[in-house]
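Undergrad: Next up is a structure, given as structure tokens.
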Amino acid sequence: MEVITTHTNSDFDSLASMLAAKKLYPNAVIVFPGAQARTLREFFISSTFYLFQTKKMKEVDINSVTRLILVDTRQTTRIGKFSELTDKPGVEVIVFDHHPDSPDDITCDNMTIENIGATTTLMTELLRKKRLKITPEEATIMMLGIYEDTGSLVFSTTTERDYLAAAYLLKHGANLNVVSDLMTKELTSEQVILLNELLRNMKEYNINSVNIVISRASSNDYIGDLAVLVHKLKDLENLNAVIVLARMGDRIYLIARSRIDEVDVGSIAEAFGGGGHSTAASATIKDLTLIQAENELVKVLKDKVNPIKSAADLMVYPVRTLSTETTFSKAQREMSRYQLNSLPIVKGEKVVGIITRNIVEKALSHKLGHRRVIEYMVRDFSVVSPDTSLTHVQELIIDNNQKIVPVVDAGRITGVITRKDLLRMYLSHRSKVSVKKVRDDVSGVLRKKMFAKVLQSVLSREVRDILKEIGRVADLLNYQAYAVGGFVRDLALRSENLDIDIVIEGDGIHFAQEFVKHNDCHINSHQKFRTAVIVFPSGLKVDVASARVEFYAHPAALPEIEISSIKLDLYRRDFTINTLALQLNKKNYGELIDHFGGLKDLKSKMIRVLHNLSFVEDPTRVFRAVRFEQRFGFKIDKHTHNLIKNAVKINLFDRLSGKRLLTELRFIFEEDAPINSLGRLDELQLLKFIHKNIEFSKTKETYLKVESVLSWFDLTFLNESYDKWIVYFITLIEVLTAREREDICERLAIIDRHSRQKIRDSEKVVDFLGKFYTIIKQKDSRRNRAVYHLLKGISTEVILYMMAKTDNKQIKKYISRYFTHLKQIKVFTTGNDLITMGFKEGKEFSEIFSTVLNEKLDGNIKTKDDEIRLINSLKKNMV
């Protein structure tokens, strides 16, 4: 059974979202977990919503539910009995919500959370994307959801997406008259009395320099739509922050509204067991009097309300800076002298970058102390003015991970704010929740997400069983086991990748040896790098390594290895999107670990290095950046792009071994569309490091033809193997002279004689094509044999290159015929057959076989009997 539900005391946003979810999951039934708001109850009386197959809670067998779809909430405390299902094995939980995080939030794989004005907006977007039809009645209900939660599109939480969703619903027949009637109903006499009492009892508190109004009211009976009254109170008195405590019967209802960042009413309501947004929230309080509730509320406010402060209140001044011409050696002395971890870089009085101790130390370790800081400084940063709110400063430091924020006034730096300054401010206000958040965020706390269901949907049964067995054996050894690298990255992209890398916090070779004892497989190990390859009977291979950290003795050197932790192991990787790890131990199986914002960069489609000296340590990462950018349709982020430009400027690639450079080129050539990567390498001026005379613009047209030819060949000859990279490499160097081609083969350490011969043969393509033109002028009866003998001594790679280089349709036709037919023709008659027929071994044999083959190529004979008859006729002529 599939169930769609929402929060208790449901409103129009939750109703509309459930209606939309029903269209996405037509087999599910709508169930309200508890009571509804009065406006909703009145709507049910006058509408035909009963047609949408709703059920009462008591009509649902909760044990038969296999899929639970939650809309407009993810708090276990707000969904009644359905909370029993959120962690029940065998129940799939799907969430659509727009509320901020809460401590009692559900955690599941399939969650869609968006920071927008209404959940209905999110659901409308999904219906639009899937092109599902919406009736005018449905559009009206969904418009009610958006209007209610956005205050008719005027609340500060309203986004552009809410407007666009409303426009889409209006286009599909939403009736604004009905919406207006339901949104603007006149107050009842009881509500008017209660509103007047709230107006009389308003009391203003100044808490942490922020003015907040608290009002109280009482009623022996329950009066609905208290939230509407609070909204009217806020508008009538033009209040920035108001909290109402209303006693009705044996309960006190807390309703809070805020227009300012300093008062997050969602966190305030959470302190009383409720929840909501930073701008609108509610809670129900039991076992307290109104006076007790107000006193408790004031205590919470003192803890939760952030004081109104600006950057000028927090910044440190005077500021120590470095000029763009400062060397890394001098920067290190300055940082050590003043015990600083980050410094602004200035040109004149203008801030142009930031340098960190980590960058300086890495530069010195690579003997770059003489280089200027401008070459590796952080260029992608933000500055603030003295009157910028600390909320924005916090966003830069925490959300954007900026270690130091310069404060600039009239173009001149007047101060800086660091992570420590921000943390110190929170400590001074003794806000435990905020301090923990800041401590976690500024220290780069890892982000976790359960991926167990992604594994289930993307991976084969064999791979899932192997991953679980890896976790089981790791538990036996008291090791931690993680899947890492491209395997996990592609999982996050919902794509299977059988290049499986495992990192063990412990001895990787010992783990592999123990794994073999328990499973049908064998291993190959590499003691120096503490790695092993586990090979399974199916042919599947799993690479196992000890968690390690790499040190580079000098730029472009191969790394030296030391045992480390998973976090340091991930930090040595090339780009953030490749730093994701998947926990395999049973306790946390399927937990995705993200120390460096890899998921965020996957979502924003960005290729980003982990630190500024990444390309100094390993220049081949530049080529990988381009390859990943083109493969995934991502974009190299601005700062990483600047680091590539600097690597080109200071010529890091001359120190790179030709073998490593060739490896990266081969990876690029094996991609589906290498021409895009080559074009990007040319744009970044990287092809000159392969050879100074390579000109991509002159070979681009050939590349397009090569791609077309190789696509044809791959589809036509699925089992025909060839070196794809050589065809592209030949194209890359086609403008070079014979001497330059030899030079580039030496530079790239292409020592395999077969590969070198293919490259040399490519120089003769013009000659080969000339011979081809002669052949196609011959009589049709002789062309096949001529084509065969021309091509049989040429490698497949050079023939395909030749096919791409010619525009002659007849030549293309005969090359195609060679691959599809002529190349497969064999002589059936053997040497023993000739001896039986009376021939003596020797020169005659080769002449006979050559004659028979030529006749077969020309189509004159086909079977072995035909061959014997031909040979007998030849025998007579010989006599």
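Just so we're on the same page: first chain in the structure tokens is A, next is B, and so on; residues restart at 1 for each chain, and ligands are numbered from 1 in the order they show up.
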Which residues are close to range 607-621 of chain A, i.e. within 7 Å by only C-alpha atoms, leaving aside same-chain residues fewer than 3 positions away? Reply as a CSV table (one decimal) with all heavy atoms, in the first residue's frame.

TA:
chain,number,residue,atom,x,y,z
A,359,ILE,N,48.6,27.3,1.7
A,359,ILE,CA,49.2,27.5,0.3
A,359,ILE,C,50.6,27.8,0.4
A,359,ILE,O,51.5,27.3,-0.3
A,359,ILE,CB,48.4,28.7,-0.4
A,359,ILE,CG1,46.9,28.3,-0.6
A,359,ILE,CG2,49.1,29.0,-1.7
A,359,ILE,CD1,46.1,29.4,-1.2
A,362,LYS,N,52.7,24.7,1.3
A,362,LYS,CA,52.9,23.8,0.1
A,362,LYS,C,53.8,24.4,-0.9
A,362,LYS,O,54.6,23.7,-1.5
A,362,LYS,CB,51.5,23.6,-0.5
A,362,LYS,CG,50.7,22.5,0.2
A,362,LYS,CD,49.4,22.2,-0.5
A,362,LYS,CE,48.6,21.1,0.1
A,362,LYS,NZ,49.3,19.8,-0.1
A,363,ALA,N,53.8,25.7,-1.1
A,363,ALA,CA,54.7,26.3,-2.1
A,363,ALA,C,56.1,26.2,-1.7
A,363,ALA,O,57.0,25.8,-2.5
A,363,ALA,CB,54.3,27.8,-2.2
A,376,TYR,N,49.6,32.3,-7.0
A,376,TYR,CA,48.8,31.2,-6.4
A,376,TYR,C,47.8,31.7,-5.3
A,376,TYR,O,47.3,30.9,-4.6
A,376,TYR,CB,49.8,30.1,-5.8
A,376,TYR,CG,50.6,29.4,-6.8
A,376,TYR,CD1,51.9,29.7,-7.0
A,376,TYR,CD2,50.0,28.4,-7.6
A,376,TYR,CE1,52.6,29.0,-8.0
A,376,TYR,CE2,50.7,27.7,-8.5
A,376,TYR,CZ,52.0,28.0,-8.7
A,376,TYR,OH,52.7,27.4,-9.7
A,552,TYR,N,54.9,15.1,-2.3
A,552,TYR,CA,55.6,15.2,-3.6
A,552,TYR,C,57.0,15.9,-3.3
A,552,TYR,O,57.0,17.0,-2.8
A,552,TYR,CB,54.8,16.1,-4.5
A,552,TYR,CG,53.5,15.4,-4.9
A,552,TYR,CD1,52.4,15.4,-4.1
A,552,TYR,CD2,53.4,14.8,-6.2
A,552,TYR,CE1,51.2,14.8,-4.5
A,552,TYR,CE2,52.3,14.2,-6.6
A,552,TYR,CZ,51.2,14.2,-5.8
A,552,TYR,OH,50.0,13.6,-6.2
A,555,PRO,N,57.8,19.5,-7.7
A,555,PRO,CA,56.7,19.6,-8.7
A,555,PRO,C,56.8,18.5,-9.8
A,555,PRO,O,57.8,18.3,-10.3
A,555,PRO,CB,56.8,21.0,-9.2
A,555,PRO,CG,57.5,21.8,-8.2
A,555,PRO,CD,58.5,20.8,-7.5
A,556,ALA,N,55.6,17.9,-10.0
A,556,ALA,CA,55.4,16.9,-11.1
A,556,ALA,C,56.0,15.6,-10.8
A,556,ALA,O,56.1,14.7,-11.6
A,556,ALA,CB,56.0,17.4,-12.4
A,574,ASP,N,42.3,14.7,-6.8
A,574,ASP,CA,42.4,15.8,-7.7
A,574,ASP,C,41.3,16.9,-7.6
A,574,ASP,O,41.6,18.1,-7.5
A,574,ASP,CB,42.5,15.3,-9.2
A,574,ASP,CG,41.4,14.2,-9.5
A,574,ASP,OD1,40.4,14.1,-8.7
A,574,ASP,OD2,41.6,13.6,-10.5
A,575,PHE,N,40.1,16.5,-7.6
A,575,PHE,CA,39.0,17.4,-7.6
A,575,PHE,C,37.9,17.1,-6.5
A,575,PHE,O,37.8,15.9,-6.1
A,575,PHE,CB,38.3,17.5,-9.0
A,575,PHE,CG,39.3,17.7,-10.1
A,575,PHE,CD1,39.6,16.7,-10.9
A,575,PHE,CD2,40.0,18.9,-10.2
A,575,PHE,CE1,40.6,16.8,-11.9
A,575,PHE,CE2,40.9,19.1,-11.2
A,575,PHE,CZ,41.2,18.1,-12.1
A,576,THR,N,37.2,18.1,-6.1
A,576,THR,CA,36.2,17.8,-5.0
A,576,THR,C,35.2,16.8,-5.4
A,576,THR,O,34.7,16.0,-4.6
A,576,THR,CB,35.4,19.1,-4.7
A,576,THR,OG1,34.8,19.6,-5.9
A,576,THR,CG2,36.4,20.2,-4.1
A,624,ARG,N,43.2,16.2,-16.7
A,624,ARG,CA,42.0,15.5,-16.1
A,624,ARG,C,40.8,16.4,-15.9
A,624,ARG,O,39.7,16.1,-16.1
A,624,ARG,CB,42.4,14.8,-14.8
A,624,ARG,CG,42.7,13.4,-14.9
A,624,ARG,CD,43.2,12.8,-13.6
A,624,ARG,NE,44.7,13.0,-13.5
A,624,ARG,CZ,45.3,12.9,-12.3
A,624,ARG,NH1,44.6,12.7,-11.2
A,624,ARG,NH2,46.6,13.1,-12.3
A,625,ALA,N,41.1,17.7,-15.5
A,625,ALA,CA,40.1,18.7,-15.3
A,625,ALA,C,39.3,18.9,-16.6
A,625,ALA,O,38.1,18.9,-16.6
A,625,ALA,CB,40.7,20.0,-14.9
A,629,GLU,N,35.5,17.8,-17.3
A,629,GLU,CA,34.6,18.9,-17.7
A,629,GLU,C,33.8,18.5,-18.9
A,629,GLU,O,32.6,18.8,-19.0
A,629,GLU,CB,35.4,20.2,-18.0
A,629,GLU,CG,34.6,21.4,-18.4
A,629,GLU,CD,35.5,22.5,-18.9
A,629,GLU,OE1,36.4,22.3,-19.7
A,629,GLU,OE2,35.3,23.7,-18.4
A,634,PHE,N,30.3,19.6,-17.3
A,634,PHE,CA,30.5,20.5,-16.2
A,634,PHE,C,31.3,21.7,-16.7
A,634,PHE,O,31.6,21.9,-17.9
A,634,PHE,CB,31.3,19.8,-15.1
A,634,PHE,CG,30.4,18.8,-14.3
A,634,PHE,CD1,29.2,18.4,-14.8
A,634,PHE,CD2,30.9,18.3,-13.1
A,634,PHE,CE1,28.4,17.5,-14.1
A,634,PHE,CE2,30.1,17.3,-12.4
A,634,PHE,CZ,28.9,17.0,-12.9
A,635,LYS,N,31.7,22.5,-15.7
A,635,LYS,CA,32.5,23.7,-16.0
A,635,LYS,C,33.6,23.9,-15.0
A,635,LYS,O,33.4,23.7,-13.8
A,635,LYS,CB,31.6,25.0,-16.0
A,635,LYS,CG,32.4,26.3,-16.4
A,635,LYS,CD,31.4,27.4,-16.4
A,635,LYS,CE,32.2,28.7,-16.9
A,635,LYS,NZ,31.3,29.9,-16.9
A,636,ILE,N,34.9,24.1,-15.5
A,636,ILE,CA,36.0,24.4,-14.5
A,636,ILE,C,35.7,25.7,-13.9
A,636,ILE,O,35.5,26.7,-14.5
A,636,ILE,CB,37.3,24.4,-15.3
A,636,ILE,CG1,37.6,23.1,-16.0
A,636,ILE,CG2,38.4,24.9,-14.4
A,636,ILE,CD1,38.8,23.1,-16.9
A,637,ASP,N,35.7,25.7,-12.5
A,637,ASP,CA,35.3,26.9,-11.8
A,637,ASP,C,36.4,28.0,-12.0
A,637,ASP,O,37.5,27.7,-12.4
A,637,ASP,CB,35.1,26.6,-10.3
A,637,ASP,CG,36.3,26.7,-9.5
A,637,ASP,OD1,37.3,25.9,-9.7
A,637,ASP,OD2,36.4,27.6,-8.6
A,640,THR,N,39.9,27.6,-10.3
A,640,THR,CA,40.7,26.5,-10.8
A,640,THR,C,41.2,26.9,-12.2
A,640,THR,O,42.3,26.6,-12.6
A,640,THR,CB,39.8,25.3,-10.9
A,640,THR,OG1,39.3,24.9,-9.6
A,640,THR,CG2,40.6,24.1,-11.4
A,643,LEU,N,44.2,29.0,-11.9
A,643,LEU,CA,45.4,28.2,-11.5
A,643,LEU,C,45.9,27.4,-12.7
A,643,LEU,O,47.1,27.3,-12.8
A,643,LEU,CB,45.0,27.2,-10.4
A,643,LEU,CG,44.6,27.7,-9.0
A,643,LEU,CD1,44.1,26.7,-8.1
A,643,LEU,CD2,45.8,28.5,-8.4
A,647,ALA,N,49.7,27.7,-14.2
A,647,ALA,CA,50.5,26.6,-14.5
A,647,ALA,C,51.1,26.6,-15.9
A,647,ALA,O,52.2,26.3,-16.1
A,647,ALA,CB,49.7,25.3,-14.4
A,652,LEU,N,54.9,24.5,-15.9
A,652,LEU,CA,55.1,23.3,-15.0
A,652,LEU,C,55.2,22.0,-15.8
A,652,LEU,O,55.7,21.0,-15.3
A,652,LEU,CB,53.9,23.2,-14.1
A,652,LEU,CG,53.8,24.2,-12.9
A,652,LEU,CD1,52.4,24.0,-12.2
A,652,LEU,CD2,54.9,24.0,-12.0
A,653,PHE,N,54.8,22.0,-17.1
A,653,PHE,CA,54.7,20.7,-17.8
A,653,PHE,C,56.0,20.2,-18.3
A,653,PHE,O,56.0,19.0,-18.7
A,653,PHE,CB,53.6,20.9,-18.9
A,653,PHE,CG,52.3,21.4,-18.4
A,653,PHE,CD1,52.0,22.7,-18.4
A,653,PHE,CD2,51.4,20.5,-17.8
A,653,PHE,CE1,50.8,23.2,-17.8
A,653,PHE,CE2,50.2,21.0,-17.3
A,653,PHE,CZ,49.9,22.3,-17.3
A,661,LEU,N,52.3,12.1,-19.3
A,661,LEU,CA,51.5,12.9,-20.2
A,661,LEU,C,50.8,12.1,-21.3
A,661,LEU,O,49.6,12.4,-21.6
A,661,LEU,CB,52.5,13.9,-20.9
A,661,LEU,CG,51.9,15.0,-21.9
A,661,LEU,CD1,50.8,15.8,-21.2
A,661,LEU,CD2,53.0,15.9,-22.4
A,664,GLU,N,47.6,10.5,-19.9
A,664,GLU,CA,46.4,11.4,-19.8
A,664,GLU,C,45.8,11.7,-21.2
A,664,GLU,O,44.6,11.7,-21.4
A,664,GLU,CB,46.8,12.8,-19.2
A,664,GLU,CG,47.2,12.7,-17.7
A,664,GLU,CD,46.0,12.1,-16.9
A,664,GLU,OE1,44.9,12.4,-17.2
A,664,GLU,OE2,46.3,11.4,-15.9

Undergrad: One number please: CA of Ala227 in chain A to CA of Arg257 in chain A, in Å, one decimal.

TA: 9.1 Å

Undergrad: What lies within 6 Å of range 214-225 of chain A using only C-alpha atoms, ignoring chain neighbours under 4 positions off, as a list in words?

TA: Arg38, Glu197, Leu198, Asn201, Met202, Lys203, Val242, Ile243, Val244, Leu245, Ala246, Arg247, Met248 and Gly249 of chain A

Undergrad: Okay, now the selection with N, CA and C atoms, as a PDB file, in the first residue's frame?

TA:
ATOM      1  N   ARG A  38      -9.040  25.229  10.438  1.00  0.00           N
ATOM      2  CA  ARG A  38     -10.466  25.492  10.247  1.00  0.00           C
ATOM      3  C   ARG A  38     -10.778  25.859   8.806  1.00  0.00           C
ATOM      4  N   GLU A 197      -7.945  41.675  22.191  1.00  0.00           N
ATOM      5  CA  GLU A 197      -7.205  41.342  23.408  1.00  0.00           C
ATOM      6  C   GLU A 197      -5.699  41.305  23.118  1.00  0.00           C
ATOM      7  N   LEU A 198      -5.335  40.784  21.965  1.00  0.00           N
ATOM      8  CA  LEU A 198      -3.921  40.735  21.579  1.00  0.00           C
ATOM      9  C   LEU A 198      -3.362  42.136  21.384  1.00  0.00           C
ATOM     10  N   ASN A 201      -2.736  43.664  24.843  1.00  0.00           N
ATOM     11  CA  ASN A 201      -1.721  43.018  25.681  1.00  0.00           C
ATOM     12  C   ASN A 201      -0.316  43.012  25.074  1.00  0.00           C
ATOM     13  N   MET A 202      -0.120  43.738  23.978  1.00  0.00           N
ATOM     14  CA  MET A 202       1.205  43.763  23.360  1.00  0.00           C
ATOM     15  C   MET A 202       2.236  44.355  24.319  1.00  0.00           C
ATOM     16  N   LYS A 203       3.390  43.704  24.372  1.00  0.00           N
ATOM     17  CA  LYS A 203       4.480  44.179  25.206  1.00  0.00           C
ATOM     18  C   LYS A 203       5.785  44.060  24.417  1.00  0.00           C
ATOM     19  N   VAL A 242       6.943  39.349  16.032  1.00  0.00           N
ATOM     20  CA  VAL A 242       5.858  39.248  17.008  1.00  0.00           C
ATOM     21  C   VAL A 242       5.631  37.775  17.348  1.00  0.00           C
ATOM     22  N   ILE A 243       5.415  37.526  18.636  1.00  0.00           N
ATOM     23  CA  ILE A 243       5.112  36.168  19.100  1.00  0.00           C
ATOM     24  C   ILE A 243       3.862  36.243  19.972  1.00  0.00           C
ATOM     25  N   VAL A 244       2.872  35.417  19.667  1.00  0.00           N
ATOM     26  CA  VAL A 244       1.600  35.398  20.396  1.00  0.00           C
ATOM     27  C   VAL A 244       1.492  34.109  21.188  1.00  0.00           C
ATOM     28  N   LEU A 245       1.077  34.238  22.447  1.00  0.00           N
ATOM     29  CA  LEU A 245       0.765  33.096  23.299  1.00  0.00           C
ATOM     30  C   LEU A 245      -0.727  33.146  23.590  1.00  0.00           C
ATOM     31  N   ALA A 246      -1.468  32.167  23.120  1.00  0.00           N
ATOM     32  CA  ALA A 246      -2.930  32.160  23.304  1.00  0.00           C
ATOM     33  C   ALA A 246      -3.340  30.884  24.017  1.00  0.00           C
ATOM     34  N   ARG A 247      -3.926  31.061  25.237  1.00  0.00           N
ATOM     35  CA  ARG A 247      -4.428  29.891  25.962  1.00  0.00           C
ATOM     36  C   ARG A 247      -5.845  29.597  25.497  1.00  0.00           C
ATOM     37  N   MET A 248      -6.063  28.361  25.033  1.00  0.00           N
ATOM     38  CA  MET A 248      -7.403  27.906  24.634  1.00  0.00           C
ATOM     39  C   MET A 248      -7.610  26.541  25.270  1.00  0.00           C
ATOM     40  N   GLY A 249      -8.545  26.475  26.198  1.00  0.00           N
ATOM     41  CA  GLY A 249      -8.758  25.232  26.925  1.00  0.00           C
ATOM     42  C   GLY A 249      -7.556  24.950  27.802  1.00  0.00           C
TER      43      GLY A 249
END

Undergrad: For CA of Met142 in chain A and CA of Val65 in chain A, quote the distance in Å rounded to one decimal.

TA: 26.3 Å

Undergrad: Compile the contact shell of Asn177 in chain A as a CSV table (one decimal) with N, CA and C atoms, in the first residue's frame: residues with an atom at most 12 Å away, counting only C-alpha atoms, same-chain residues fewer than 6 positions apart removed.

TA:
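Everything below was put into around17.csv:
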chain,number,residue,atom,x,y,z
A,140,THR,N,-6.7,25.5,-9.0
A,140,THR,CA,-7.2,26.4,-8.0
A,140,THR,C,-6.8,26.0,-6.6
A,143,MET,N,-3.1,26.7,-6.3
A,143,MET,CA,-2.9,28.2,-6.1
A,143,MET,C,-3.2,28.6,-4.7
A,144,LEU,N,-4.2,28.0,-4.1
A,144,LEU,CA,-4.5,28.3,-2.6
A,144,LEU,C,-3.3,27.9,-1.8
A,170,LEU,N,-2.2,29.6,-13.1
A,170,LEU,CA,-3.2,30.6,-13.6
A,170,LEU,C,-3.4,30.2,-15.1
A,183,MET,N,-9.0,33.3,1.0
A,183,MET,CA,-7.9,33.9,1.7
A,183,MET,C,-8.3,35.1,2.5
A,184,THR,N,-9.5,35.7,2.2
A,184,THR,CA,-9.9,37.0,2.8
A,184,THR,C,-11.2,36.9,3.5

Undergrad: Between CA of Val373 in chain A and CA of Leu322 in chain A, what distance in Å does the model show, to one decimal?

TA: 8.6 Å

Undergrad: Write out as a PyMOL selection string all residues of range 85-316 of chain A that DSSP puts in strand (DSSP E or B) for this structure's backbone.

TA: chain A and resi 92-97+105+110-113+203-207+210-219+241-248+251-258+275-276+280-285+310+316

Undergrad: For Asp501 in chain A, which residue out of A:Leu126, A:Ala481, A:Leu791, A:Ala20 is the nearest one, using only C-alpha atoms?

TA: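 Closest to Asp501 in chain A of all the choices is A:Ala481.
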
Undergrad: Fewer than 4 positions away in the same chain doesn't count, so skip those; otherwise give me all residues within 12 Å of Asp761 in chain A, counting only C-alpha atoms, as a VMD selection string.

TA: chain A and resid 726 to 727 730 734 738 741 754 to 757 765 to 768 791 793 to 799 801 to 802

Undergrad: Can you list, as a list of chain:residue names, every protein, DNA or RNA residue that comes within 9 Å of Thr579 in chain A when you count only C-alpha atoms, leaving out same-chain residues fewer than 3 positions away?

TA: A:Val484, A:Gly485, A:Gly486, A:Val488, A:Arg489, A:Lys567, A:Asp569, A:Leu570, A:Tyr571, A:Arg572, A:Arg573, A:Asp574, A:Phe575, A:Thr576, A:Ile593, A:Asp594, A:His595, A:Phe596, A:Gly597, A:Gly598

Undergrad: Near Val31 in chain A, within 6 Å and counting only C-alpha atoms, which residues show up once chain neighbours fewer than 6 positions away are dropped, as an mmCIF file with all heavy atoms, in the first residue's frame?

TA:
data_model
loop_
_atom_site.group_PDB
_atom_site.id
_atom_site.type_symbol
_atom_site.label_atom_id
_atom_site.label_comp_id
_atom_site.auth_asym_id
_atom_site.auth_seq_id
_atom_site.Cartn_x
_atom_site.Cartn_y
_atom_site.Cartn_z
ATOM 1 N N THR A 5 0.865 11.574 2.804
ATOM 2 C CA THR A 5 0.400 12.267 4.007
ATOM 3 C C THR A 5 1.199 13.546 4.219
ATOM 4 O O THR A 5 2.131 13.852 3.472
ATOM 5 C CB THR A 5 0.478 11.344 5.241
ATOM 6 O OG1 THR A 5 -0.260 11.937 6.317
ATOM 7 C CG2 THR A 5 1.924 11.110 5.672
ATOM 8 N N THR A 54 -9.501 10.189 -0.613
ATOM 9 C CA THR A 54 -8.849 10.332 0.688
ATOM 10 C C THR A 54 -9.338 9.248 1.627
ATOM 11 O O THR A 54 -10.449 8.726 1.482
ATOM 12 C CB THR A 54 -9.132 11.710 1.299
ATOM 13 O OG1 THR A 54 -10.544 11.835 1.495
ATOM 14 C CG2 THR A 54 -8.626 12.808 0.398
ATOM 15 N N LYS A 55 -8.507 8.902 2.610
ATOM 16 C CA LYS A 55 -8.898 7.929 3.629
ATOM 17 C C LYS A 55 -8.633 8.514 5.010
ATOM 18 O O LYS A 55 -7.758 9.376 5.181
ATOM 19 C CB LYS A 55 -8.093 6.634 3.465
ATOM 20 C CG LYS A 55 -8.595 5.732 2.355
ATOM 21 C CD LYS A 55 -7.979 4.334 2.480
ATOM 22 C CE LYS A 55 -8.574 3.393 1.442
ATOM 23 N NZ LYS A 55 -8.078 2.009 1.623
ATOM 24 N N LYS A 56 -9.382 8.031 5.976
ATOM 25 C CA LYS A 56 -9.140 8.438 7.350
ATOM 26 C C LYS A 56 -8.035 7.567 7.935
ATOM 27 O O LYS A 56 -7.802 6.444 7.506
ATOM 28 C CB LYS A 56 -10.418 8.296 8.175
ATOM 29 C CG LYS A 56 -11.535 9.239 7.722
ATOM 30 C CD LYS A 56 -12.775 9.053 8.569
ATOM 31 C CE LYS A 56 -13.893 9.997 8.106
ATOM 32 N NZ LYS A 56 -15.131 9.786 8.880
#

Undergrad: Could you check which of A:Val3, A:Ala581, A:Ser677, A:Asp807 is closest to Tyr25 in chain A, using only C-alpha atoms?

TA: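 Smallest distance to Tyr25 in chain A is found for A:Val3.
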